[in-house]
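Asks: Got a structure for you, written out below as structure tokens; questions coming shortly.
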Amino acid sequence: MLVIALFFGGVNYQNSLILAMCFLLASLGQLATLHTYRNLSGLCIQAGHSDNAFAGDKAAFYITLSRMGKRRYEALKITWEDSVPQVLDLLDNVEAQAKIFIPVDIRGAYKPGRLKIETSYPMGILKAWTLIDLDMECLVYPKPIFIDFMNESSQQSMEGMLTNASGDDDFDGLRKYVIGDSLKQVSWKNMARGQGMHSKMFVAYAEETIWLDWNYFPNKETELRLSALCYWVLKLSETNQLYGLRLPDNEIQPATGLAHKIRCLETLARFNSSP
Amino acid sequence: MKIIYQIPRNSLVWLLTAQVAVIIPHISRIPWWLTAISFACAFWRIQVFRGLWRFPGKMLRFAFVLIGAAGVLYSFGTILGAPAGVALLIMAFSFKLLEMHTLRDAFLVVLLSYFVIAMNFLFEQSMSHAFYGAICFLIVTAAMLGLNQSRSHWQPFRTFKTSGLIILQSIPLMIVLFILVPRFGPLWTLDFGNSNSYTGLSDTMTPGDIASLSKSPKLAFRASFEQDIPDNRQLYWRTLMLYDFDGRTWRAGSPNDQSKNGKSKNDSQHDPEYSFQWLHDYQQNFYQDTKTLEAIKDTIKKPEDKPVYNYQVIMEPTGQNYIFALDMPFSEKGNLILTRDYLLRNKEPIFQRFDYSLMSIPGLETDIKLPDYLREKATALPKNSNHRSRALAQKWRSQARTDEEYINKILYWFNQKNFVYTLRPPLLGRHSVDEFFFDTQRGFCAHYAGAFAFLLRSVNIPVRVVAGYQGGEINTLGNYVLVHQFDAHAWVEVWLKNRGWVRFDPTGAVSPLRVERGIEDALSDEDSFLEGSFFSASRYRKIPLIGLIRLRLDYINYLWHTKVVGYQSQQQFNLITKWFGVFSYEKIALALIISGMIIMGFLALILFFKRPIRKIDPATKLYLKYCKKLQNAGYPRLPGESPRDYGVRVSTARPNLKSTVERITTLYIALAYTDKLQNENQKHKAMNSLSKAIRKIQIS
């Protein structure tokens, strides 16, 4: 548009310099095709890992872009269909990592569509883009939903029992800080009083094994049951309880720790009740 | 929450720089308050960026625009026309800075900046302005690049460099487009305000007028000749014809200054004395068919046997429609008009640098039969003035047998009496001719031409005063003549029986140097030459180095104006005809496509070609040197031959070299192919011994 306006201006005033400028702009525009394409070609795209997420949350996918030559890349916009775009440069760095969040709603394995990398650098008048299928995948855990249930053995509401259980972790006394003690356990009050570093000691009185059972939630839909189980898995691992998971087709022996928690969550995510 | 668009810092920096840069050349053209507004807007934008201020609200912006438009209307009296247009554009562009909410808005500001740069070329087309425009272009382009860069990119100079690189890459294509894209004439005409003042000849001549011109070193025009540049004595650039004299002042009262172009045939019927029917036939033909040009040139040349000058003139704007031409000009341009006095006029006043091509044939006889009305005009004198001169004229004429003899008598008088050529003549009273001729006897061309014409008219010899330029400075680099305002001159044309109008230059009788060498030499004893402009380079042009630099600079300038600024449809036509034989749009299109493809392909190659990284390690370098030595001795390494095999082969052929060759081979293999030498020190040692061994090896 500008080029045309300038062209007529130049022609009309018989002004060579205006025409020259108009031609310069035109060739700049023409050159933009090369430069825009160049800003995308020769790029090396690597799929990184992905973070699992709970349904309704956002899953993170990591993409690594790297270059082979000395060429600089600017303003590469990386998106999946639903994601918030992320803009990356490869200027002095040889590679750059993009962390892209995609909202996920449905439990199970999630595969994002094709990755889109686009750029309109340098002129902003043209857009070059590419779609790549990176075959990335993440697991979507069920959305944690609180549903109370009765424990068979103690005939206690699980919620009530848990509050008790946490009460079990009673404050027992202080001992001198030993390297390895969690900083959370350090009694900062004592330290502030200038009595040196001490750790608070807790004692768990009962090491009760809790079974999270599919059947604890009768009359509920599959997804809801899974959501409830997911909630309790998270809850119990927070308090470091020993717990096991029992599903119609799978059983995980009671244990504690992060690995156990992830294993449980993954099992829940992969669970397929409709055979 | 709405995300507020933030222009990347990179871009904002360049955008604001660009704004200042593109407005600077316009400052003299726009009202001062507009400049103030522009800079205020830029400042406001910076404050917004820093988060200190907010963008103005909708109502406020509306008010701004109204007040601004009213201001422009008030200052210019109109909102149409180029100067007011520029003012409006700059205003819109400044306000847009305060309304940059989206990428689109910012992009619009970039486009407006480009436009403001282009607008400057409407007023200025000199090389320096073009250069400045190029810098602005660079900055604006950098701003545009910045817009498309990621927000984290904060290296404005890298952006600037990239901008320069991309512009450099697009220049070849631009040149091709510039040369090949067809030029059309103007689609509609636009007036520039003619408020600008120009130096130049005025159409009256009162002693004192031309003297002030002589002090101006400004360029009047340049003329480049196809042939050798004629002698200085031939360079009488006729411009104005002064007929009417009131006792003190000569005025242009040309009997027929109206258009004769096109209607020339009618005119020649009206005026049977109007000779040169063929001249007009020639001009008519010229527009119809260029090929007849050569033929017609011949027909003119043969019967007359006169020299022909073909030249191109590039004149500075005068605000008038004068065209400077040598004697008997033939125009090749359609819009030039030939007057009854054989002067050329442009159809419109010239407000921009203007160029035209002419052919001149000096010494053609004109008006052999002088029409009565012309004779009347050319002999009219006011009564009751300059009685002494009148009496003297009558006395001399009665003594002379012919008009020619009488004229020579006057010229002899000028030459022999104590007449002095000076730019500082004394003031003259009512009877200026008398006072000058008998009392002061000091003056310059206007005095001599005026007195001479008066003396002739007193005895009824038709005579007219011609004002124009005489001589010029020759620039040998480009074979052209530079004519400055100080070359302004006045002379006369006398109608003589059987000869028509004949040129006489009475100043030449007083100061031959003025005619032969130019005004500067004529005034070498006097400091009056250019005394008003102490710093003018022209004043020092006799100093060799300065003179050379000045001429060289002018030559570059001249090339700029002829080849770049002056590249219009006519020049394009000539160039393309020269290249392709004919001017056809198909050929132009084809040439455009082909050259465009070549350029783009070439650029693509440069941009995408990955230079293979061939780093030869130092050991291999040394080894190759050794191979070269052996090759010179007659043992070239065979393709694919391993160093070990090669070494064995050479050793067998030249047993005396065996130990050295083996040593080199072992060292090289150890250095290049194995990792036996892990220690840096060891490697270094091995390298040293390898290089020593290779240096020492003597093959005879």
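Chains: A, B, ... in order of the structure tokens. Residues: from 1 per chain. Ligands: from 1, in order shown.
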Excluding Leu31 (chain A) and residues on its chain fewer than 5 positions from it, collect all residues at most 8 Å away from it, counting only C-alpha atoms, and give them as a count of residues only.
Replies: 4
Asks: Which residues of chain A are close to chain B, meaning at most 10 Å apart when you count only C-alpha atoms, and how do they look as a PyMOL selection string?
Replies: chain A and resi 1-3+5-35+37-38+41-42+68-71+73-77+86-89+91+119-125
Asks: Excluding region 225-240 of chain A and residues on its chain fewer than 6 positions from it, collect all residues at most 10 Å away from it, counting only C-alpha atoms, and give them as number ranges by chain.
Replies: A: 54-55, 107, 141-149, 158-159, 162, 165-166, 169, 210, 212-219, 246-247, 255-258, 260-262, 264-269, 271
Asks: Would you output that residue set with C-alpha atoms, as a PDB file, in the first residue's frame?
Replies:
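Generated file (selection_34.pdb):
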ATOM      1  CA  PHE A  54      -3.903 -33.097  36.495  1.00  0.00           C
ATOM      2  CA  ALA A  55      -6.987 -32.764  34.351  1.00  0.00           C
ATOM      3  CA  ARG A 107      -7.615 -38.002  32.019  1.00  0.00           C
ATOM      4  CA  TYR A 141      -3.973 -37.546  36.065  1.00  0.00           C
ATOM      5  CA  PRO A 142      -7.545 -37.448  37.225  1.00  0.00           C
ATOM      6  CA  LYS A 143      -8.646 -34.213  38.685  1.00  0.00           C
ATOM      7  CA  PRO A 144      -8.457 -34.558  42.476  1.00  0.00           C
ATOM      8  CA  ILE A 145     -11.911 -34.338  44.028  1.00  0.00           C
ATOM      9  CA  PHE A 146     -12.663 -34.738  47.706  1.00  0.00           C
ATOM     10  CA  ILE A 147     -15.133 -37.500  48.533  1.00  0.00           C
ATOM     11  CA  ASP A 148     -15.127 -38.845  52.030  1.00  0.00           C
ATOM     12  CA  PHE A 149     -15.387 -42.540  52.688  1.00  0.00           C
ATOM     13  CA  MET A 158     -11.317 -41.273  56.562  1.00  0.00           C
ATOM     14  CA  GLU A 159     -11.191 -37.568  57.067  1.00  0.00           C
ATOM     15  CA  LEU A 162      -6.569 -38.602  59.147  1.00  0.00           C
ATOM     16  CA  ALA A 165      -3.418 -39.608  62.456  1.00  0.00           C
ATOM     17  CA  SER A 166      -1.856 -36.264  62.046  1.00  0.00           C
ATOM     18  CA  ASP A 169       2.649 -36.958  65.028  1.00  0.00           C
ATOM     19  CA  ILE A 210      -4.482 -47.489  54.610  1.00  0.00           C
ATOM     20  CA  LEU A 212      -7.386 -46.874  49.002  1.00  0.00           C
ATOM     21  CA  ASP A 213      -9.940 -49.110  47.429  1.00  0.00           C
ATOM     22  CA  TRP A 214     -11.986 -48.680  44.294  1.00  0.00           C
ATOM     23  CA  ASN A 215     -14.904 -50.063  46.211  1.00  0.00           C
ATOM     24  CA  TYR A 216     -14.852 -47.399  48.876  1.00  0.00           C
ATOM     25  CA  PHE A 217     -16.765 -45.164  46.588  1.00  0.00           C
ATOM     26  CA  PRO A 218     -19.852 -47.084  45.617  1.00  0.00           C
ATOM     27  CA  ASN A 219     -22.457 -45.645  43.297  1.00  0.00           C
ATOM     28  CA  ARG A 246      -6.540 -51.226  44.962  1.00  0.00           C
ATOM     29  CA  LEU A 247      -8.196 -51.002  41.606  1.00  0.00           C
ATOM     30  CA  ALA A 255       4.409 -47.866  50.469  1.00  0.00           C
ATOM     31  CA  THR A 256       5.362 -44.240  50.934  1.00  0.00           C
ATOM     32  CA  GLY A 257       7.449 -41.717  49.049  1.00  0.00           C
ATOM     33  CA  LEU A 258       7.418 -39.785  45.826  1.00  0.00           C
ATOM     34  CA  HIS A 260       5.091 -44.537  45.086  1.00  0.00           C
ATOM     35  CA  LYS A 261       2.876 -41.531  44.700  1.00  0.00           C
ATOM     36  CA  ILE A 262       3.757 -41.131  41.045  1.00  0.00           C
ATOM     37  CA  CYS A 264      -0.212 -44.569  41.969  1.00  0.00           C
ATOM     38  CA  LEU A 265      -1.103 -41.456  40.020  1.00  0.00           C
ATOM     39  CA  GLU A 266       0.065 -42.990  36.768  1.00  0.00           C
ATOM     40  CA  THR A 267      -1.946 -46.079  37.418  1.00  0.00           C
ATOM     41  CA  LEU A 268      -4.964 -43.940  38.030  1.00  0.00           C
ATOM     42  CA  ALA A 269      -4.317 -41.981  34.858  1.00  0.00           C
ATOM     43  CA  PHE A 271      -6.890 -46.856  34.341  1.00  0.00           C
TER      44      PHE A 271
END
Asks: Give me the residues near Gln19 (chain B) as a list of chain:residue names, where near means some atom within 8 Å (using only C-alpha atoms) and where sequence neighbours in that chain fewer than 3 positions away do not count.
Replies: B:Leu15, B:Leu16, B:Val22, B:Ile23, B:Ala42, B:Ser94, B:Ser113
Asks: Which one is closest to Asn384 (chain B): B:Ser398, B:Thr666, B:Ser224, B:Ser458? Count only C-alpha atoms.
Replies: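 Looking only at the distances to Asn384 (chain B), the closest residue turns out to be B:Ser458.
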Asks: In Å, how far is it from CA of Met687 (chain B) to CA of Leu630 (chain B)?
Replies: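 Answer for the CA of Met687 (chain B) to CA of Leu630 (chain B) separation: 19.5 Å.
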Asks: Can you pull out the residues contacting region 548-560 of chain B? Cut-off 12 Å, using only C-alpha atoms, and skip same-chain residues under 6 positions away; I want them as a ChimeraX atom specification.
Replies: /A:16-17 /B:125-131,219,221-224,312-316,353,355,473-483,536-542,566-567
Asks: Which of region 28-259 of chain A counts as alpha helix (DSSP H) under DSSP, as a PyMOL selection string please?
Replies: chain A and resi 28-38+158-168+188-192+222-238+258-259
Asks: Could you tell me how far CA of Leu43 (chain A) sits from CA of Gly113 (chain A), in Å to one decimal place?
Replies: 19.9 Å
Asks: Can you tell me, as a list in words, what residues are no more than 9 Å from Val661 (chain B) when counting only C-alpha atoms, ignoring any on the same chain fewer than 4 positions away?
Replies: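 Once the adjacent positions are removed, what remains is Gly647, Val648, Val650, Ser651, Leu657, Thr665, Thr666, Ala693, Ile694 and Ile697 of chain B.
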Asks: Measure the distance from CA of Leu242 (chain A) to CA of Trp188 (chain A) in Å and round it to one decimal.
Replies: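 Interatomic distance, CA of Leu242 (chain A) to CA of Trp188 (chain A): 29.1 Å.
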Asks: Find the spatial neighbours of Lys347 (chain B), counting only C-alpha atoms, within a cut-off of 7 Å - ignore same-chain residues fewer than 2 positions away - and output them as a list in words.
Replies: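 So, after excluding close chain neighbours, the residues are Asn321, Asn335, Leu336, Ile337, Arg345 and Pro349 of chain B.
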Asks: With only C-alpha atoms as the basis for distance, which of A:Met197, A:Asp57, A:Ala192, A:Pro254 is at the shortest distance from Ile179 (chain A)?
Replies: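 Among the listed residues, the smallest separation from Ile179 (chain A) belongs to A:Met197.
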Asks: Restricting the calculation to only C-alpha atoms: of B:Gly247, B:Leu456, B:Met359, B:Phe414, which residue gets closest to Ser385 (chain B)?
Replies: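 Ranked by minimum distance to Ser385 (chain B), first place goes to B:Gly247.
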